[in-house]
6 protein chains.
Amino acid sequence: MSENKQALIPKLVLEPIVRAALLEDLGRAGDVTSAAVVPEHTQARVRMVARQPGVLAGLDAARLTFRLVDSGLRIAVAKQDGDALYAGDVIAHIQGNARALMTGERVALNFLGHLSGIATLTSQFAVAIAHTKARICCTRKTLPGLRILQKYAVRVGGGVNHRFGLDDGILIKDNHISASGGMGQAIARARASAGHMLKIEVEAETLAELDEALAAGVDAVLLDNMDAPTLKTAMARIAGRAIAEASGGVTLENVVGIAEAGVDLISIGALTHSAPNLDIALDFDALV
Amino acid sequence: MSENKQALIPKLVLEPIVRAALLEDLGRAGDVTSAAVVPEHTQARVRMVARQPGVLAGLDAARLTFRLVDSGLRIAVAKQDGDALYAGDVIAHIQGNARALMTGERVALNFLGHLSGIATLTSQFAVAIAHTKARICCTRKTLPGLRILQKYAVRVGGGVNHRFGLDDGILIKDNHISASGGMGQAIARARASAGHMLKIEVEAETLAELDEALAAGVDAVLLDNMDAPTLKTAMARIAGRAIAEASGGVTLENVVGIAEAGVDLISIGALTHSAPNLDIALDFDALV
Amino acid sequence: MSENKQALIPKLVLEPIVRAALLEDLGRAGDVTSAAVVPEHTQARVRMVARQPGVLAGLDAARLTFRLVDSGLRIAVAKQDGDALYAGDVIAHIQGNARALMTGERVALNFLGHLSGIATLTSQFAVAIAHTKARICCTRKTLPGLRILQKYAVRVGGGVNHRFGLDDGILIKDNHISASGGMGQAIARARASAGHMLKIEVEAETLAELDEALAAGVDAVLLDNMDAPTLKTAMARIAGRAIAEASGGVTLENVVGIAEAGVDLISIGALTHSAPNLDIALDFDALV
Amino acid sequence: MSENKQALIPKLVLEPIVRAALLEDLGRAGDVTSAAVVPEHTQARVRMVARQPGVLAGLDAARLTFRLVDSGLRIAVAKQDGDALYAGDVIAHIQGNARALMTGERVALNFLGHLSGIATLTSQFAVAIAHTKARICCTRKTLPGLRILQKYAVRVGGGVNHRFGLDDGILIKDNHISASGGMGQAIARARASAGHMLKIEVEAETLAELDEALAAGVDAVLLDNMDAPTLKTAMARIAGRAIAEASGGVTLENVVGIAEAGVDLISIGALTHSAPNLDIALDFDALV
Amino acid sequence: MSENKQALIPKLVLEPIVRAALLEDLGRAGDVTSAAVVPEHTQARVRMVARQPGVLAGLDAARLTFRLVDSGLRIAVAKQDGDALYAGDVIAHIQGNARALMTGERVALNFLGHLSGIATLTSQFAVAIAHTKARICCTRKTLPGLRILQKYAVRVGGGVNHRFGLDDGILIKDNHISASGGMGQAIARARASAGHMLKIEVEAETLAELDEALAAGVDAVLLDNMDAPTLKTAMARIAGRAIAEASGGVTLENVVGIAEAGVDLISIGALTHSAPNLDIALDFDALV
Amino acid sequence: MSENKQALIPKLVLEPIVRAALLEDLGRAGDVTSAAVVPEHTQARVRMVARQPGVLAGLDAARLTFRLVDSGLRIAVAKQDGDALYAGDVIAHIQGNARALMTGERVALNFLGHLSGIATLTSQFAVAIAHTKARICCTRKTLPGLRILQKYAVRVGGGVNHRFGLDDGILIKDNHISASGGMGQAIARARASAGHMLKIEVEAETLAELDEALAAGVDAVLLDNMDAPTLKTAMARIAGRAIAEASGGVTLENVVGIAEAGVDLISIGALTHSAPNLDIALDFDALV
């Protein structure tokens with residue numbers, strides 16, 4: 001089991017999400033199949049098993065899913081979020097009422113498969129650039145309603161989080177700049193208005209824009225769609241005066257070159273909008 | 001524009017989802033960048049543009065996103081859900097307050113990119129088997145909180161919907177069968193308990209199980225993980241007595257063989273849990 | 001106590017309903033009478049008693065009401081949902097803080113009286129036709145916000161449930177038919193659009209309409225407002241090709257004739273929109 | 001149309017109730033029948049018609065139901081809440097999208113039928129005692145979640161409202177009295193603790209208890225289960241010193257005698273827990 | 001510790017308020033500082049201490065705050081709501097996970113400081129007039145969303161509560177009177193329409209208006225902005241026929257004169273809209 | 001009217017707060033006084049007037065309050081948030097249904113009075129130090145549920161906002177430091193874990209702690225409870241290397257000295273936890 005756990009999602013925040021997911025699946029009449037077919041007091045024992053290699057994320061959501069269905073289910077975890085999984089690895093053993101296990105199964109696995117998928121993809125990028133100082137970072141390109149969970153999965157996979165929303169950082173993009181009459185004016189307005197705890201990051205599509213941003217003294221620059229050689233030039237100009245984030249069209253193929261250009265962060269929308277599911281399943285062991 | 005629209009998501013159902021997505025992004029302080037940088041009454045005109053080929057889905061959600069941010073935004077659509085998109089196609093023109101456009105941009109695109117991604121993947125499967133009678137079908141392997149939207153996108157892409165939850169159909173799987181003491185008993189219990197409007201489907205992993213299910217007179221059979229030759233044998237035994245659904249490990253490579261085996265439905269979890277995002281963006285045309 | 005329990009309402013679904021009912025009664029200032037008049041630590045013991053004969057339904061809602069007021073109340077049930085009640089029967093003993101008992105009393109009894117009233121009325125119909133194969137069925141004529149509970153009470157009383165909403169079955173009525181240009185077209189459209197797990201039922205007001213529906217191969221027919229002799233003719237024509245549901249103007253007087261005509265289901269709106277309350281009360285035994 | 005309208009339910013209060021009722025019926029997939037069968041732009045015109053004589057209540061809820069489904073529906077009312085209805089009376093004409101009309105129909109009628117049923121039953125009692133000074137009054141024996149609507153319907157039917165909850169009046173019952181060590185002490189505690197705007201009513205089962213309550217100077221007395229002669233004696237003792245409310249076992253048979261005994265109020269739980277539905281329906285006139 | 005506790009806020013009412021306050025502070029990412037800086041299993045022991053003299057109120061809200069953050073925190077209270085506090089007094093000892101303590105600290109203290117501030121201000125007024133029969137009373141001038149808690153704090157400070165909302169009492173002000181064509185008509189309309197459990201209070205700005213109200217037989221009069229001599233005259237005219245409430249411009253300087261004029265109630269908006277915070281803090285004793 | 005408006009609260013965020021405030025006041029039965037006393041179609045015209053000098057804040061909330069009660073009310077504003085008010089100044093004219101005006105009055109004024117109170121107090125501090133570079137800043141010592149509105153009012157009054165919650169900035173206090181084994185370690189942990197957009201601020205109670213924080217290279221320092229001379233020394237040591245925030249015991253008396261010591265920010269809990277209400281009222285002009 002891993003030692004170094006990421007900051008968990010507060011239970012107060014997680015519970016309404018899990019509750020809503022269960023209600024979405026229960027509908028109005030509940031699990032009509034289990035209620036009809038499985039005798040009321042049947043007990044079962046199941047193993048939660050990885051069918052694919054990857055990185056585990058979402059155990060808390062899965063555990064809470066089962067507990068909200070039936071607080072009597074006993075769950076013994078064998079893995080922690082962040083642990084590497086190999087096909088066949090047992091993640092947890094769960095025991096208790098058979099109906100409850102079947103009722104919670106799909107929702108729990110939907111959380112686990114999606115979040116582990118994100119952690120796995122993040123980890124693939126993070127491992128590829130582990131020899132550099134760069135870190136993999138998420139974006140606001142998340143699936144509606146799932147941002148907090150998705151950003152948590154990115155952390156579990158070894159990435160770091162960019163802004164959680166429109167309100168916890170200033171990020172000035174090209175449209176902001178044209179709407180405000182130039183980068184200098186945009187940055188000046190931002191500095192005058194933002195609270196002192198908000199950092200200011202500016203998107204630069206060219207080295208000229210980068211120079212302008214650096215001259216204005218921003219906290220961070222988003223180097224948009226620059227290739228590795230351009231990034232190297234950019235880093236030389238930045239010379240430690242701002243945090244450097246590379247973004248745009250990052251793949252497992254080109255990420256190493258980008259990282260080796262010396263940037264601090266590489267942000268990737270695909271982590272949260274296109275990560276494929278990790279296949280995790282429940283095996284019913286024995287009906288006690 | 002397409003003629004044949006799918007049943008839309010009722011506005012009463014859609015609005016709370018869009019509202020929650022916006023609040024998730026606005027946080028407590030709202031769009032601090034636009035508020036700081038863009039003058040209050042600046043107007044803008046934007047084009048919503050496809051960056052990749054695919055099938056459009058999610059226009060209603062995107063439109064409602066912008067309207068909830070600012071009811072004064074004028075939106076003129078050039079495409080409809082279900083339309084084929086080519087890279088560069090303009091989907092809609094939106095005009096109005098520049099801050100509002102920037103505030104709503106990301107949430108609107110998050111809906112559009114995800115749902116169009118699902119419609120596109122569904123369409124790829126549907127097109128591949130268009131010469132057969134089989135139809136592509138979704139599962140309950142959806143992302144928490146997004147099931148209604150995801151199932152809508154599957155329909156838009158040319159697929160059909162399986163159960164929306166645990167309550168609108170009886171689906172007896174292997175674990176139900178072992179917990180109830182055999183398939184015959186499980187089906188009998190289901191028939192005795194289910195309302196007359198609920199169909200009964202049973203999972204069969206072998207031809208022997210299929211025979212048992214057919215003998216019990218079920219409405220549908222889920223043929224789990226059978227290869228094409230086995231499916232052909234299965235279809236011969238079914239002989240029109242039940243709806244036949246193939247499931248398990250379906251890919252664009254093997255789907256044609258499965259469809260040509262004669263099944264009625266091919267269900268694919270990846271449609272909703274692993275569809276990559278379709279790249280759609282806003283281009284800011286002119287600041288009026 | 002009864003052996004054969006109906007599928008319960010999932011606690012995740014029940015709790016928000018009970019919580020809302022309590023808040024409706026507590027208002028802003030809570031139970032001002034008990035708070036003012038009853039010393040804080042007074043204990044009491046009460047018996048929940050039937051004042052009328054009938055069938056019990058709603059124990060879970062009543063129990064949860066008391067528990068949400070004060071988790072320290074001890075509740076020992078002597079009857080189960082579905083049990084026959086005679087005037088004077090003790091349903092449960094509850095013991096604990098006197099204020100809490102008084103605060104929860106009315107809401108708990110409002111659930112019990114209403115749901116037991118429905119179970120009792122359903123049972124009267126079900127008993128009357130027990131010698132036939134027909135079953136008593138509810139409708140969507142339910143009281144707003146109470147559908148899940150009311151449909152549960154129908155099951156407890158020996159009835160079965162029709163659709164829970166507009167989405168878990170296709171029911172084509174006369175207005176649908178005229179709006180779509182004829183029954184054949186309506187059924188064809190429904191078949192093309194509905195998921196494979198949804199059954200299709202068609203309303204027939206005449207034998208001619210019935211023939212048309214049967215020719216189209218529907219799953220079920222709703223025989224609307226037909227008298228017993230017409231129903232007999234109808235059943236002969238159906239000859240097992242579809243589930244037959246009789247509906248319209250059913251009373252305890254005419255239900256036997258309808259059932260003996262051979263229909264499968266008899267649906268009755270009054271079960272859920274007009275069932276009189278069953279009189280159940282709390283007797284305070286002793287202030288410990 | 002009636003002149004004298006009762007205080008309406010504030011729209012802020014009504015709308016969440018109607019919205020929840022619609023969502024309860026729409027489920028996850030919405031009105032699948034209309035979506036499948038009725039062409040999208042079909043228009044229809046319907047009449048809302050009484051099938052039984054009674055008193056109308058609930059128009060606002062019905063109107064809001066249709067508007068929340070489709071704000072384009074045009075509704076012209078021919079009757080007002082409180083109006084007498086005869087079988088065949090047209091209550092309203094509604095015109096617009098056929099799908100929307102069918103989608104809203106059942107929920108709108110569920111509100112109307114239930115609330116008109118309450119208004120009708122209340123009116124029957126109120127008319128019977130119109131020659132006396134007594135007024136018909138509701139109780140807290142309401143159906144969970146529907147109290148505000150039910151109490152409104154009682155007013156529409158000519159009744160008056162008792163407490164809306166546990167917090168807007170002090171009502172000391174027998175159990176409160178025994179738990180607090182006697183009626184005198186209970187009343188003294190209530191007076192010391194209650195805000196000055198809360199009235200104090202005490203339940204009296206005997207004339208001796210009545211005397212005790214009057215001696216303590218309460219605002220109102222609830223004369224529980226007394227027959228008409230006893231009520232007359234009670235009224236003589238009260239002699240205008242308190243409001244007199246009769247309660248317990250009131251029927252249309254005995255209500256006149258109770259009213260003629262001179263009481264101010266007659267409270268009847270059945271108004272809200274057992275009023276049968278009033279049959280109101282939609283007739284589809286023409287598909288425009 | 002005090003003996004005489006006020007009616008507590010029902011937990012069902014309190015919990016959503018506390019939960020919302022915590023979510024307001026946790027935002028999307030939770031307590032990032034504690035998660036980053038404090039090792040996960042660090043234990044701590046803290047004392048909740050008064051930094052100023054005053055009256056304690058809000059312990060239940062503070063306790064629930066900590067419990068919702070971490071149900072494992074152990075809280076031992078040394079004071080009760082209503083107790084006098086001196087600077088340095090220990091209110092409670094709390095022990096448990098250090099992160100949880102830091103996460104809950106600010107929200108808990110925000111409740112405690114505000115509610116104790118109200119109780120303290122109320123108590124100052126109540127003590128000043130303790131030699132009279134008058135009681136200090138709150139108004140509807142409360143802070144949005146906090147009314148129930150604020151009114152509770154007034155009770156804790158020795159005051160009594162006026163109406164909780166627009167619906168639990170009739171209070172006829174000058175604008176009501178002019179809109180209804182005179183005081184007599186206003187009172188007559190109120191009496192005809194209000195339920196029998198609602199009291200009627202009328203605002204009188206002059207002695208002439210007072211006479212008119214008394215002649216109409218109201219339950220209470222609100223003597224608006226009268227000085228002490230006028231109030232004395234008013235009390236002589238009232239002569240016990242109505243409850244007398246003085247209101248308008250009440251300060252600690254003039255309250256004694258008002259109370260000695262003989263009124264029953266003195267209502268003060270500042271109790272709930274302008275009470276300064278009472279300084280209460282957490283001292284971290286030892287990291288166990 | 002002022003030119004320079006602060007970033008407004010998004011309507012999506014504001015509306016649920018206003019709606020909840022209205023429901024809190026309407027209770028279950030609504031405005032029973034107006035409904036009883038004021039004829040249904042009476043029109044009125046009112047002026048919203050300042051009774052005290054101050055700074056206006058909260059117009060949007062007040063306006064939305066009236067609109068949610070009755071969308072037909074016409075509101076013409078004469079002042080904007082941020083405008084200086086003198087006693088007698090007319091803030092707005094509102095015209096429409098008299099009942100609606102009376103129903104919305106108290107909630108609208110509760111928002112206005114509280115938020116204007118905060119803006120006024122903030123402005124007093126801001127004006128006092130206008131000759132310095134320091135800015136007045138709020139804290140997380142806000143009233144539960146009102147943080148977003150209170151922080152907006154601080155901005156309107158000329159202040160700036162500190163963190164909105166525990167998640168949009170790292171603020172390391174003394175307890176964090178002791179729990180993590182020293183300031184250096186705490187800052188190192190924070191830097192390793194926090195996203196790149198989060199600033200790190202550290203509390204320093206002594207100059208030694210300040211030196212330690214500066215050595216670690218933090219973004220900002222919170223100089224806790226230092227007197228003006230110490231602050232001057234601190235500023236000399238900081239020498240522009242970090243943002244300097246003074247906090248603790250700030251009053252209108254000592255704020256100038258603190259500001260003149262050269263700090264960047266002065267944070268004051270009293271702005272949001274102890275600002276007295278600003279007296280604003282409605283004058284009913286004429287009943288049209």
# chains A, B, ... in the order shown; residues from 1 in each chain; ligands from 1
$ interface_residues --of "chain D" --to "chain B" --cutoff "10 Å" --atoms "only C-alpha atoms" --output "JSON, numbers by chain"
{"D": [19, 20, 22, 23, 26, 27, 28, 29, 30, 31, 32, 34, 35, 36, 40, 68, 69, 70]}
$ write_last_selection --atoms "all heavy atoms" --output "CSV table (one decimal), in the first residue's frame"
chain,number,residue,atom,x,y,z
D,19,ARG,N,-42.9,21.6,-9.6
D,19,ARG,CA,-41.7,21.1,-10.3
D,19,ARG,C,-41.3,19.7,-9.8
D,19,ARG,O,-41.0,18.8,-10.7
D,19,ARG,CB,-40.5,22.1,-9.9
D,19,ARG,CG,-39.3,22.0,-10.9
D,19,ARG,CD,-38.3,23.1,-10.5
D,19,ARG,NE,-38.7,24.4,-10.9
D,19,ARG,CZ,-38.4,24.9,-12.2
D,19,ARG,NH1,-37.7,24.1,-13.0
D,19,ARG,NH2,-38.7,26.1,-12.5
D,20,ALA,N,-41.4,19.4,-8.5
D,20,ALA,CA,-41.1,18.1,-8.0
D,20,ALA,C,-42.1,17.1,-8.5
D,20,ALA,O,-41.8,15.9,-8.8
D,20,ALA,CB,-41.1,18.1,-6.5
D,22,LEU,N,-43.8,17.2,-11.3
D,22,LEU,CA,-43.5,16.9,-12.7
D,22,LEU,C,-42.3,16.0,-12.9
D,22,LEU,O,-42.3,15.0,-13.6
D,22,LEU,CB,-43.2,18.2,-13.5
D,22,LEU,CG,-44.5,18.8,-14.1
D,22,LEU,CD1,-44.2,20.2,-14.5
D,22,LEU,CD2,-45.0,18.0,-15.3
D,23,LEU,N,-41.2,16.2,-12.1
D,23,LEU,CA,-40.0,15.4,-12.2
D,23,LEU,C,-40.3,14.0,-11.7
D,23,LEU,O,-39.8,13.0,-12.3
D,23,LEU,CB,-38.9,16.0,-11.3
D,23,LEU,CG,-38.3,17.3,-11.9
D,23,LEU,CD1,-37.3,17.9,-11.0
D,23,LEU,CD2,-37.6,17.0,-13.3
D,26,LEU,N,-41.9,12.6,-14.9
D,26,LEU,CA,-41.0,12.5,-16.1
D,26,LEU,C,-39.9,11.5,-15.9
D,26,LEU,O,-39.4,10.9,-16.9
D,26,LEU,CB,-40.4,13.9,-16.3
D,26,LEU,CG,-41.3,15.0,-16.8
D,26,LEU,CD1,-40.6,16.3,-16.7
D,26,LEU,CD2,-41.7,14.7,-18.2
D,27,GLY,N,-39.5,11.2,-14.7
D,27,GLY,CA,-38.5,10.3,-14.4
D,27,GLY,C,-37.2,10.7,-15.1
D,27,GLY,O,-36.9,11.9,-15.2
D,28,ARG,N,-36.5,9.8,-15.7
D,28,ARG,CA,-35.2,10.1,-16.3
D,28,ARG,C,-35.3,10.3,-17.8
D,28,ARG,O,-34.7,11.1,-18.4
D,28,ARG,CB,-34.2,9.0,-16.0
D,28,ARG,CG,-33.6,9.1,-14.6
D,28,ARG,CD,-33.1,7.7,-14.2
D,28,ARG,NE,-34.1,6.7,-14.3
D,28,ARG,CZ,-34.1,5.6,-13.6
D,28,ARG,NH1,-33.2,5.3,-12.8
D,28,ARG,NH2,-35.1,4.7,-13.8
D,29,ALA,N,-36.3,9.6,-18.4
D,29,ALA,CA,-36.3,9.6,-19.9
D,29,ALA,C,-37.5,10.5,-20.4
D,29,ALA,O,-37.6,10.7,-21.6
D,29,ALA,CB,-36.5,8.2,-20.4
D,30,GLY,N,-38.3,11.0,-19.5
D,30,GLY,CA,-39.4,11.9,-19.9
D,30,GLY,C,-40.6,11.1,-20.5
D,30,GLY,O,-40.7,9.9,-20.4
D,31,ASP,N,-41.4,11.8,-21.2
D,31,ASP,CA,-42.7,11.2,-21.7
D,31,ASP,C,-42.3,10.4,-23.0
D,31,ASP,O,-42.4,11.0,-24.1
D,31,ASP,CB,-43.7,12.3,-22.0
D,31,ASP,CG,-45.0,11.8,-22.5
D,31,ASP,OD1,-45.1,10.6,-22.8
D,31,ASP,OD2,-45.9,12.6,-22.7
D,32,VAL,N,-41.9,9.2,-22.8
D,32,VAL,CA,-41.4,8.5,-24.0
D,32,VAL,C,-42.5,8.2,-25.0
D,32,VAL,O,-42.3,8.1,-26.2
D,32,VAL,CB,-40.7,7.1,-23.6
D,32,VAL,CG1,-39.4,7.4,-22.9
D,32,VAL,CG2,-41.6,6.3,-22.7
D,34,SER,N,-45.3,10.1,-25.9
D,34,SER,CA,-45.5,11.3,-26.7
D,34,SER,C,-44.4,11.6,-27.6
D,34,SER,O,-44.5,11.9,-28.8
D,34,SER,CB,-45.8,12.5,-25.9
D,34,SER,OG,-47.0,12.3,-25.1
D,35,ALA,N,-43.1,11.4,-27.1
D,35,ALA,CA,-42.0,11.7,-27.9
D,35,ALA,C,-41.9,10.7,-29.1
D,35,ALA,O,-41.5,11.1,-30.2
D,35,ALA,CB,-40.7,11.6,-27.1
D,36,ALA,N,-42.3,9.5,-28.8
D,36,ALA,CA,-42.2,8.5,-29.9
D,36,ALA,C,-43.3,8.6,-30.9
D,36,ALA,O,-43.1,8.5,-32.1
D,36,ALA,CB,-42.2,7.1,-29.3
D,40,GLU,N,-43.5,16.2,-33.7
D,40,GLU,CA,-43.0,17.2,-32.8
D,40,GLU,C,-43.8,18.5,-32.8
D,40,GLU,O,-43.9,19.1,-31.7
D,40,GLU,CB,-41.5,17.5,-33.2
D,40,GLU,CG,-40.8,18.3,-32.1
D,40,GLU,CD,-39.4,18.6,-32.5
D,40,GLU,OE1,-38.9,18.1,-33.6
D,40,GLU,OE2,-38.7,19.4,-31.8
D,68,LEU,N,-44.7,25.0,-16.8
D,68,LEU,CA,-43.4,24.5,-16.6
D,68,LEU,C,-43.0,23.4,-17.7
D,68,LEU,O,-41.9,23.3,-18.0
D,68,LEU,CB,-43.3,23.9,-15.2
D,68,LEU,CG,-43.2,24.9,-14.1
D,68,LEU,CD1,-43.2,24.2,-12.7
D,68,LEU,CD2,-41.9,25.8,-14.2
D,69,VAL,N,-44.0,22.8,-18.2
D,69,VAL,CA,-43.7,21.8,-19.3
D,69,VAL,C,-43.4,22.6,-20.6
D,69,VAL,O,-42.5,22.3,-21.3
D,69,VAL,CB,-44.9,20.9,-19.5
D,69,VAL,CG1,-44.7,20.0,-20.8
D,69,VAL,CG2,-45.1,20.0,-18.3
D,70,ASP,N,-44.2,23.6,-20.8
D,70,ASP,CA,-44.0,24.4,-22.1
D,70,ASP,C,-44.6,25.8,-21.9
D,70,ASP,O,-45.8,25.9,-21.8
D,70,ASP,CB,-44.8,23.7,-23.2
D,70,ASP,CG,-44.6,24.4,-24.5
D,70,ASP,OD1,-44.2,25.5,-24.6
D,70,ASP,OD2,-45.0,23.8,-25.6
$ residues_around --residues "Ile172 of chain F" --least-positions-apart "2" --cutoff "12 Å" --atoms "only C-alpha atoms" --output "PyMOL selection string"
(chain E and resi 31-38+102) or (chain F and resi 166+169-170+174-180+182-191+199-204+213+218-222)
$ atom_distance --atom1 "atom CA of Met235 of chain E" --atom2 "atom CA of His196 of chain E"
26.3 Å
$ atom_distance --atom1 "atom CA of Ile129 of chain B" --atom2 "atom CA of Ala259 of chain B"
6.3 Å
$ residues_around --residues "Ser267 of chain F" --least-positions-apart "4" --cutoff "10 Å" --atoms "only C-alpha atoms" --output "list in words"
Arg135, Ile136, Cys137, Cys138, Thr139, Gly159, Val160, Asn161, His162, Leu222, Glu245, Ala246, Ser247, Gly248, Gly249, Val250 and Leu271 of chain F
$ select_by_dssp --residues "segment 54-165 of chain D" --states "helix (DSSP H, G or I)" --output "ChimeraX atom specification"
/D:59-69,98-128,147-156
$ closest_residue --among "F:Ala78, F:Asp83, F:Ile118, F:Ile94" --to "Asp285 of chain F" --atoms "only C-alpha atoms"
F:Ile94
$ residues_around --residues "Val18 of chain F" --least-positions-apart "6" --cutoff "9 Å" --atoms "only C-alpha atoms" --output "PyMOL selection string"
(chain E and resi 144) or (chain F and resi 61-62+64-65+68+107-108+111)
$ decode --residues "segment 42-46 of chain D" --atoms "all heavy atoms" --output "PDB file, in the first residue's frame"
ATOM      1  N   THR D  42     -46.974  19.012 -33.716  1.00  0.00           N
ATOM      2  CA  THR D  42     -48.436  18.894 -33.681  1.00  0.00           C
ATOM      3  C   THR D  42     -49.033  19.827 -32.630  1.00  0.00           C
ATOM      4  O   THR D  42     -48.521  19.925 -31.524  1.00  0.00           O
ATOM      5  CB  THR D  42     -48.821  17.437 -33.335  1.00  0.00           C
ATOM      6  OG1 THR D  42     -48.173  16.570 -34.248  1.00  0.00           O
ATOM      7  CG2 THR D  42     -50.336  17.246 -33.422  1.00  0.00           C
ATOM      8  N   GLN D  43     -50.092  20.527 -33.023  1.00  0.00           N
ATOM      9  CA  GLN D  43     -50.794  21.392 -32.083  1.00  0.00           C
ATOM     10  C   GLN D  43     -52.085  20.715 -31.647  1.00  0.00           C
ATOM     11  O   GLN D  43     -52.641  19.889 -32.378  1.00  0.00           O
ATOM     12  CB  GLN D  43     -51.152  22.727 -32.767  1.00  0.00           C
ATOM     13  CG  GLN D  43     -49.946  23.519 -33.239  1.00  0.00           C
ATOM     14  CD  GLN D  43     -49.175  24.113 -32.074  1.00  0.00           C
ATOM     15  OE1 GLN D  43     -49.723  24.850 -31.283  1.00  0.00           O
ATOM     16  NE2 GLN D  43     -47.901  23.746 -31.968  1.00  0.00           N
ATOM     17  N   ALA D  44     -52.549  21.090 -30.481  1.00  0.00           N
ATOM     18  CA  ALA D  44     -53.831  20.553 -30.020  1.00  0.00           C
ATOM     19  C   ALA D  44     -54.561  21.591 -29.186  1.00  0.00           C
ATOM     20  O   ALA D  44     -53.978  22.571 -28.730  1.00  0.00           O
ATOM     21  CB  ALA D  44     -53.631  19.277 -29.204  1.00  0.00           C
ATOM     22  N   ARG D  45     -55.862  21.352 -29.048  1.00  0.00           N
ATOM     23  CA  ARG D  45     -56.700  22.225 -28.230  1.00  0.00           C
ATOM     24  C   ARG D  45     -57.471  21.310 -27.288  1.00  0.00           C
ATOM     25  O   ARG D  45     -58.043  20.318 -27.729  1.00  0.00           O
ATOM     26  CB  ARG D  45     -57.672  22.971 -29.143  1.00  0.00           C
ATOM     27  CG  ARG D  45     -58.443  24.069 -28.452  1.00  0.00           C
ATOM     28  CD  ARG D  45     -59.460  24.672 -29.395  1.00  0.00           C
ATOM     29  NE  ARG D  45     -58.843  25.347 -30.522  1.00  0.00           N
ATOM     30  CZ  ARG D  45     -59.413  25.473 -31.742  1.00  0.00           C
ATOM     31  NH1 ARG D  45     -60.619  24.990 -31.972  1.00  0.00           N
ATOM     32  NH2 ARG D  45     -58.781  26.097 -32.716  1.00  0.00           N
ATOM     33  N   VAL D  46     -57.432  21.602 -26.016  1.00  0.00           N
ATOM     34  CA  VAL D  46     -58.128  20.728 -25.068  1.00  0.00           C
ATOM     35  C   VAL D  46     -59.040  21.547 -24.158  1.00  0.00           C
ATOM     36  O   VAL D  46     -58.807  22.737 -23.936  1.00  0.00           O
ATOM     37  CB  VAL D  46     -57.139  19.926 -24.177  1.00  0.00           C
ATOM     38  CG1 VAL D  46     -56.111  19.201 -25.034  1.00  0.00           C
ATOM     39  CG2 VAL D  46     -56.445  20.822 -23.184  1.00  0.00           C
TER      40      VAL D  46
END
